[in-house]
2 protein chains.
Amino acid sequence: MDRTEESLAAALAGGDHQVNLGFDGLHARGQEFQSVVQALGATAFALAGDEENVRALFLPPLITAENIKKTNYLASMPNLAGEVESFQGNDKDHRRLVQALEEGGEGWEDFFSPTGLVNLPAACENLYPLYAGRLDEPVRVGLQSWCFRFEPSPDPMRMVSFRMAEQVYIGTEDGAAAHAHSWSGKLLGLLTDLGLDVDSESANDPFFGRAGRMLAGAQTENDLKHELTVQLYPTRRTALGSINLHGTMFGENFGITLADGSPAHSSCAGFGLERAAIALFAFHGMAVADWPAAVRDRLGLA
Amino acid sequence: MDRTEESLAAALAGGDHQVNLGFDGLHARGQEFQSVVQALGATAFALAGDEENVRALFLPPLITAENIKKTNYLASMPNLAGEVESFQGNDKDHRRLVQALEEGGEGWEDFFSPTGLVNLPAACENLYPLYAGRLDEPVRVGLQSWCFRFEPSPDPMRMVSFRMAEQVYIGTEDGAAAHAHSWSGKLLGLLTDLGLDVDSESANDPFFGRAGRMLAGAQTENDLKHELTVQLYPTRRTALGSINLHGTMFGENFGITLADGSPAHSSCAGFGLERAAIALFAFHGMAVADWPAAVRDRLGLA
């Protein structure tokens, strides 16, 4: 196997699946790729079929600064965050902005100021605020969203902007563990059905800096994160998704409690829709028509 | 008719079509609303059926600062723009950021700096850079994207983050005019088929400030923008979409030329997928099952 980031990017571009938009990790997608992404999202959500009261929510690609602060993301992974600023000045400021833009554009951002919005890093971070208060019963939600991570890379699998499908549970400690276990199996099963040789591996989030190394160590030690990985490149495996136990972090930070007043536990299981689609194109060929019939059937693709 | 922004928002929330995410104009959507949005996008794209060589592209919700600068958007509507900043400091800066966040969060954005990315304001702005150079034949592309406009409002029709379907032409002056005329008719026809009482009205963009009033006047005078509007509220009409003639602005700014070396003309016709969906729910009822059969058939909704 001699696949490289460059050869994969070239193959995706050749199939009209990826059109770079002038920035590493920022791509437009063609119709066939879009169809696979939609099919993956719908097929993953359908895995919830046997669970009770699963709600579907489709999110915009933004979150309020107030809510993202409560997730600790701005402290733990600020280098990946995307804080949104807009021009909020008067006519005089506007003339100076226009002058800065006309003189080559250096420093035009200085005229912009915070909007109170941040590009959404992970779908579930927009969910917890909706359930602040006391839960009558466990929450089970299937989410889809565009997500932002500022980690430009020539690797087609690492995008600054991508779609995520995620299944979130909020409720008891046992329920959160059971949800993580159940959805780990469901996603592993789906990806295996799709002909991908997926493994589950212990993992940690890319927390920032020296303080982050301690957080990552604790996450690994307590076995809180698993990734579903494939051998896309010869010398390393790549995650398609992950399963995460949050303990009571979101329950405490967003004021979500159980009937007895104790903070709710939560867990999530999600995967990157583009990552899964790219893996399918990489392993089965750049035209869906050439994929094994069983894979196309599983996704409901003609 | 006594519909208000408040009554419409309440009805949409009651139907699980809109869940506010803690910011005016930022909403999650339920499964039924999502199905209508997807059906509208697919149905609109299918209107291109009789045209040659129409390419479909699905865009991420971001554009490079370099490209957005060339559209003049940062000069003409900077108050609506969303410039994206990330933390790019070291461990010491990180400690100060964490301290600022812990002390109540004021000023944490000061530790963030420009990424070179901007939230995409309109789908077609990501398209022109892909066609820099000499065109062998006219370009016809159907686009879909999430777009950002920083204009928070309690009106459900005015969102800070929303999806747009857009048909773009790049080529000759006559071709651009014919495309605008043709797609104005197609979209008017589709929305009328969907039971919406749509009118085409001359319009202008909300350019910023004193300089902007001159731009808006010139746009109206030269009849460069039309909006497709519905009477959703008693005292005003609301645009669902617009048709725009750009002259050679994008051709010149992005270096797109015709075979004879002259700058290409362009035009676009697009509509807001959430706006159209909300209009359908408002006029036909908050459950798709109650809509007229002809409307459901036209959208391929069961």
# chains A, B, ... in the order shown; residues from 1 in each chain; ligands from 1
>>> select_by_dssp(residues="segment 24-189 of chain B", states="helix (DSSP H, G or I)", output="PyMOL selection string")
chain B and resi 31-50+65-70+73-76+91-102+108-111+123-126+128-131+173-189
>>> interface_residues(of="chain B", to="chain A", cutoff="6 Å", atoms="only C-alpha atoms", output="list in words")
Ala28, Arg29, Gly30, Gln31, Ala56, Leu57, Phe58, Leu59, Ala75, Pro78, Asn79, Ala81, Gly82, Glu83, Val84, Glu85, Ser86, Phe87, Gln88, Asp91, Val98 and Gly209 of chain B
>>> write_last_selection(atoms="N, CA and C atoms", output="CSV table (one decimal), in the first residue's frame")
chain,number,residue,atom,x,y,z
B,28,ALA,N,-31.4,25.4,15.9
B,28,ALA,CA,-31.4,24.0,15.4
B,28,ALA,C,-32.7,23.7,14.8
B,29,ARG,N,-32.7,22.7,13.9
B,29,ARG,CA,-33.9,22.3,13.2
B,29,ARG,C,-34.2,20.8,13.4
B,30,GLY,N,-35.5,20.5,13.5
B,30,GLY,CA,-35.9,19.1,13.6
B,30,GLY,C,-35.9,18.3,12.3
B,31,GLN,N,-36.2,17.0,12.4
B,31,GLN,CA,-36.2,16.2,11.2
B,31,GLN,C,-37.1,16.6,10.1
B,56,ALA,N,-22.8,20.6,-10.0
B,56,ALA,CA,-23.3,20.8,-8.6
B,56,ALA,C,-22.1,20.9,-7.7
B,57,LEU,N,-22.1,21.9,-6.8
B,57,LEU,CA,-21.0,21.9,-5.8
B,57,LEU,C,-21.6,22.3,-4.5
B,58,PHE,N,-21.2,21.6,-3.5
B,58,PHE,CA,-21.6,21.7,-2.1
B,58,PHE,C,-20.5,22.3,-1.3
B,59,LEU,N,-20.7,23.5,-0.7
B,59,LEU,CA,-19.6,24.3,-0.1
B,59,LEU,C,-19.6,24.2,1.4
B,75,ALA,N,-15.5,45.5,2.4
B,75,ALA,CA,-15.7,47.0,2.3
B,75,ALA,C,-17.1,47.4,2.3
B,78,PRO,N,-19.2,45.1,5.8
B,78,PRO,CA,-18.4,44.5,6.9
B,78,PRO,C,-19.2,44.2,8.2
B,79,ASN,N,-20.2,45.0,8.4
B,79,ASN,CA,-21.1,44.8,9.6
B,79,ASN,C,-21.8,43.4,9.6
B,81,ALA,N,-20.3,40.7,8.1
B,81,ALA,CA,-19.2,39.7,7.9
B,81,ALA,C,-18.9,39.0,9.2
B,82,GLY,N,-18.3,37.8,9.1
B,82,GLY,CA,-17.8,37.1,10.3
B,82,GLY,C,-16.4,36.6,10.1
B,83,GLU,N,-15.5,37.4,10.6
B,83,GLU,CA,-14.0,37.1,10.4
B,83,GLU,C,-13.7,36.1,11.6
B,84,VAL,N,-12.9,35.1,11.2
B,84,VAL,CA,-12.6,34.0,12.2
B,84,VAL,C,-11.2,34.1,12.8
B,85,GLU,N,-11.2,34.1,14.1
B,85,GLU,CA,-9.9,34.2,14.8
B,85,GLU,C,-9.7,33.0,15.7
B,86,SER,N,-8.4,32.7,15.9
B,86,SER,CA,-8.1,31.5,16.7
B,86,SER,C,-6.9,31.9,17.7
B,87,PHE,N,-6.7,31.1,18.7
B,87,PHE,CA,-5.6,31.3,19.6
B,87,PHE,C,-4.3,30.8,19.0
B,88,GLN,N,-3.3,31.7,18.9
B,88,GLN,CA,-2.1,31.2,18.2
B,88,GLN,C,-0.9,31.6,19.1
B,91,ASP,N,2.5,28.8,25.6
B,91,ASP,CA,2.1,28.4,26.9
B,91,ASP,C,1.8,29.5,27.9
B,98,VAL,N,-6.5,31.5,29.9
B,98,VAL,CA,-7.2,30.7,30.9
B,98,VAL,C,-7.6,31.5,32.1
B,209,GLY,N,-23.4,52.1,5.5
B,209,GLY,CA,-23.1,53.5,5.7
B,209,GLY,C,-23.3,54.4,4.5
>>> residues_around(residues="segment 229-236 of chain A", least_positions_apart="5", cutoff="10 Å", atoms="only C-alpha atoms", output="ChimeraX atom specification")
/A:1-5,8,157,188,191,196-201,241-242,276,278-279,282-283
>>> write_last_selection(atoms="C-alpha atoms", output="compact mmCIF listing (two decimals), in the first residue's frame")
# COMPACT_ATOMS: atom_id res chain seq x y z
CA MET A 1 0.00 0.00 0.00
CA ASP A 2 1.61 3.26 -1.02
CA ARG A 3 -1.24 5.73 -0.56
CA THR A 4 -0.09 9.23 0.44
CA GLU A 5 -1.93 12.42 1.39
CA LEU A 8 -5.46 10.57 -2.06
CA MET A 157 -8.74 13.51 6.18
CA LEU A 188 -18.14 -0.34 14.47
CA LEU A 191 -18.37 0.79 9.26
CA LEU A 196 -13.89 -0.74 6.25
CA ASP A 197 -11.39 -2.58 8.47
CA VAL A 198 -12.10 -0.55 11.59
CA ASP A 199 -10.50 -0.95 15.04
CA SER A 200 -11.43 0.68 18.33
CA GLU A 201 -8.43 2.26 20.06
CA GLY A 241 -14.96 8.85 14.74
CA SER A 242 -14.85 8.61 18.49
CA ALA A 276 -16.06 8.10 6.39
CA ILE A 278 -13.28 9.56 1.89
CA ALA A 279 -12.40 6.17 3.39
CA ALA A 282 -10.30 5.32 -1.02
CA PHE A 283 -10.97 1.63 -0.35
>>> select_by_dssp(residues="segment 6-121 of chain B", states="strand (DSSP E)", output="compact mmCIF listing (two decimals) with C-alpha atoms, in the first residue's frame")
# COMPACT_ATOMS: atom_id res chain seq x y z
CA VAL B 19 -34.99 25.39 18.56
CA ASN B 20 -33.26 28.61 19.53
CA HIS B 27 -31.54 27.83 15.54
CA ALA B 28 -31.39 24.03 15.44
CA VAL B 54 -24.60 22.31 -15.00
CA ARG B 55 -22.19 21.29 -12.26
CA ALA B 56 -23.29 20.81 -8.64
CA LEU B 57 -21.03 21.95 -5.82
CA PHE B 58 -21.64 21.75 -2.07
CA LEU B 62 -16.13 29.38 5.10
CA ILE B 63 -14.14 31.33 2.53
CA THR B 64 -10.55 32.54 2.59
CA GLY B 82 -17.82 37.08 10.27
CA GLU B 83 -14.03 37.12 10.44
CA VAL B 84 -12.61 34.02 12.16
CA GLU B 85 -9.90 34.23 14.83
CA SER B 86 -8.05 31.53 16.73
CA PHE B 87 -5.59 31.34 19.62
CA PHE B 112 -7.17 35.37 19.49
CA SER B 113 -5.76 36.44 16.11
CA PRO B 114 -6.83 36.18 12.45
CA THR B 115 -6.89 32.76 10.78
CA GLY B 116 -7.19 33.96 7.19
CA LEU B 117 -10.74 32.59 7.08
CA VAL B 118 -14.11 34.33 7.05
CA ASN B 119 -17.57 32.80 7.45
>>> residues_around(residues="Tyr169 of chain A", least_positions_apart="6", cutoff="12 Å", atoms="only C-alpha atoms", output="ChimeraX atom specification")
/A:48,51-55,124,127-128,131,135,137-143,175-183,243-248,250-251,264-270
>>> write_last_selection(atoms="C-alpha atoms", output="PDB file, in the first residue's frame")
ATOM      1  CA  ALA A  48     -31.072   4.385  16.700  1.00  0.00           C
ATOM      2  CA  GLU A  51     -33.932   2.919  21.129  1.00  0.00           C
ATOM      3  CA  GLU A  52     -36.714   4.936  22.715  1.00  0.00           C
ATOM      4  CA  ASN A  53     -37.364   8.634  22.236  1.00  0.00           C
ATOM      5  CA  VAL A  54     -34.430   9.484  20.022  1.00  0.00           C
ATOM      6  CA  ARG A  55     -34.774  13.043  18.797  1.00  0.00           C
ATOM      7  CA  CYS A 124     -22.955  18.018  20.988  1.00  0.00           C
ATOM      8  CA  LEU A 127     -27.047  20.412  22.761  1.00  0.00           C
ATOM      9  CA  TYR A 128     -26.350  20.588  26.502  1.00  0.00           C
ATOM     10  CA  TYR A 131     -31.429  20.590  28.598  1.00  0.00           C
ATOM     11  CA  LEU A 135     -34.398  15.796  33.554  1.00  0.00           C
ATOM     12  CA  GLU A 137     -36.013  10.990  31.698  1.00  0.00           C
ATOM     13  CA  PRO A 138     -32.730  10.365  29.868  1.00  0.00           C
ATOM     14  CA  VAL A 139     -32.063  12.423  26.730  1.00  0.00           C
ATOM     15  CA  ARG A 140     -31.095  10.635  23.495  1.00  0.00           C
ATOM     16  CA  VAL A 141     -30.436  12.863  20.499  1.00  0.00           C
ATOM     17  CA  GLY A 142     -29.005  12.259  17.047  1.00  0.00           C
ATOM     18  CA  LEU A 143     -27.184  15.371  15.812  1.00  0.00           C
ATOM     19  CA  GLY A 175     -26.966   4.937  31.086  1.00  0.00           C
ATOM     20  CA  ALA A 176     -24.060   7.007  29.778  1.00  0.00           C
ATOM     21  CA  ALA A 177     -21.729   4.004  29.905  1.00  0.00           C
ATOM     22  CA  ALA A 178     -24.325   1.753  28.245  1.00  0.00           C
ATOM     23  CA  HIS A 179     -24.914   4.352  25.492  1.00  0.00           C
ATOM     24  CA  ALA A 180     -21.193   4.624  24.780  1.00  0.00           C
ATOM     25  CA  HIS A 181     -20.832   0.845  24.691  1.00  0.00           C
ATOM     26  CA  SER A 182     -23.919   0.350  22.542  1.00  0.00           C
ATOM     27  CA  TRP A 183     -23.030   3.069  20.002  1.00  0.00           C
ATOM     28  CA  ILE A 243     -16.828   7.546  21.547  1.00  0.00           C
ATOM     29  CA  ASN A 244     -16.539   9.741  24.630  1.00  0.00           C
ATOM     30  CA  LEU A 245     -17.515   9.495  28.288  1.00  0.00           C
ATOM     31  CA  HIS A 246     -17.867  12.959  29.833  1.00  0.00           C
ATOM     32  CA  GLY A 247     -18.636  12.042  33.433  1.00  0.00           C
ATOM     33  CA  THR A 248     -20.657  14.890  34.942  1.00  0.00           C
ATOM     34  CA  PHE A 250     -21.449  18.904  30.994  1.00  0.00           C
ATOM     35  CA  GLY A 251     -24.126  18.117  33.573  1.00  0.00           C
ATOM     36  CA  ALA A 264     -26.347  14.298  34.933  1.00  0.00           C
ATOM     37  CA  HIS A 265     -23.725  12.172  33.201  1.00  0.00           C
ATOM     38  CA  SER A 266     -23.327  12.246  29.447  1.00  0.00           C
ATOM     39  CA  SER A 267     -21.640  10.389  26.628  1.00  0.00           C
ATOM     40  CA  CYS A 268     -21.429  10.763  22.878  1.00  0.00           C
ATOM     41  CA  ALA A 269     -20.503   8.697  19.865  1.00  0.00           C
ATOM     42  CA  GLY A 270     -19.863  10.368  16.563  1.00  0.00           C
TER      43      GLY A 270
END
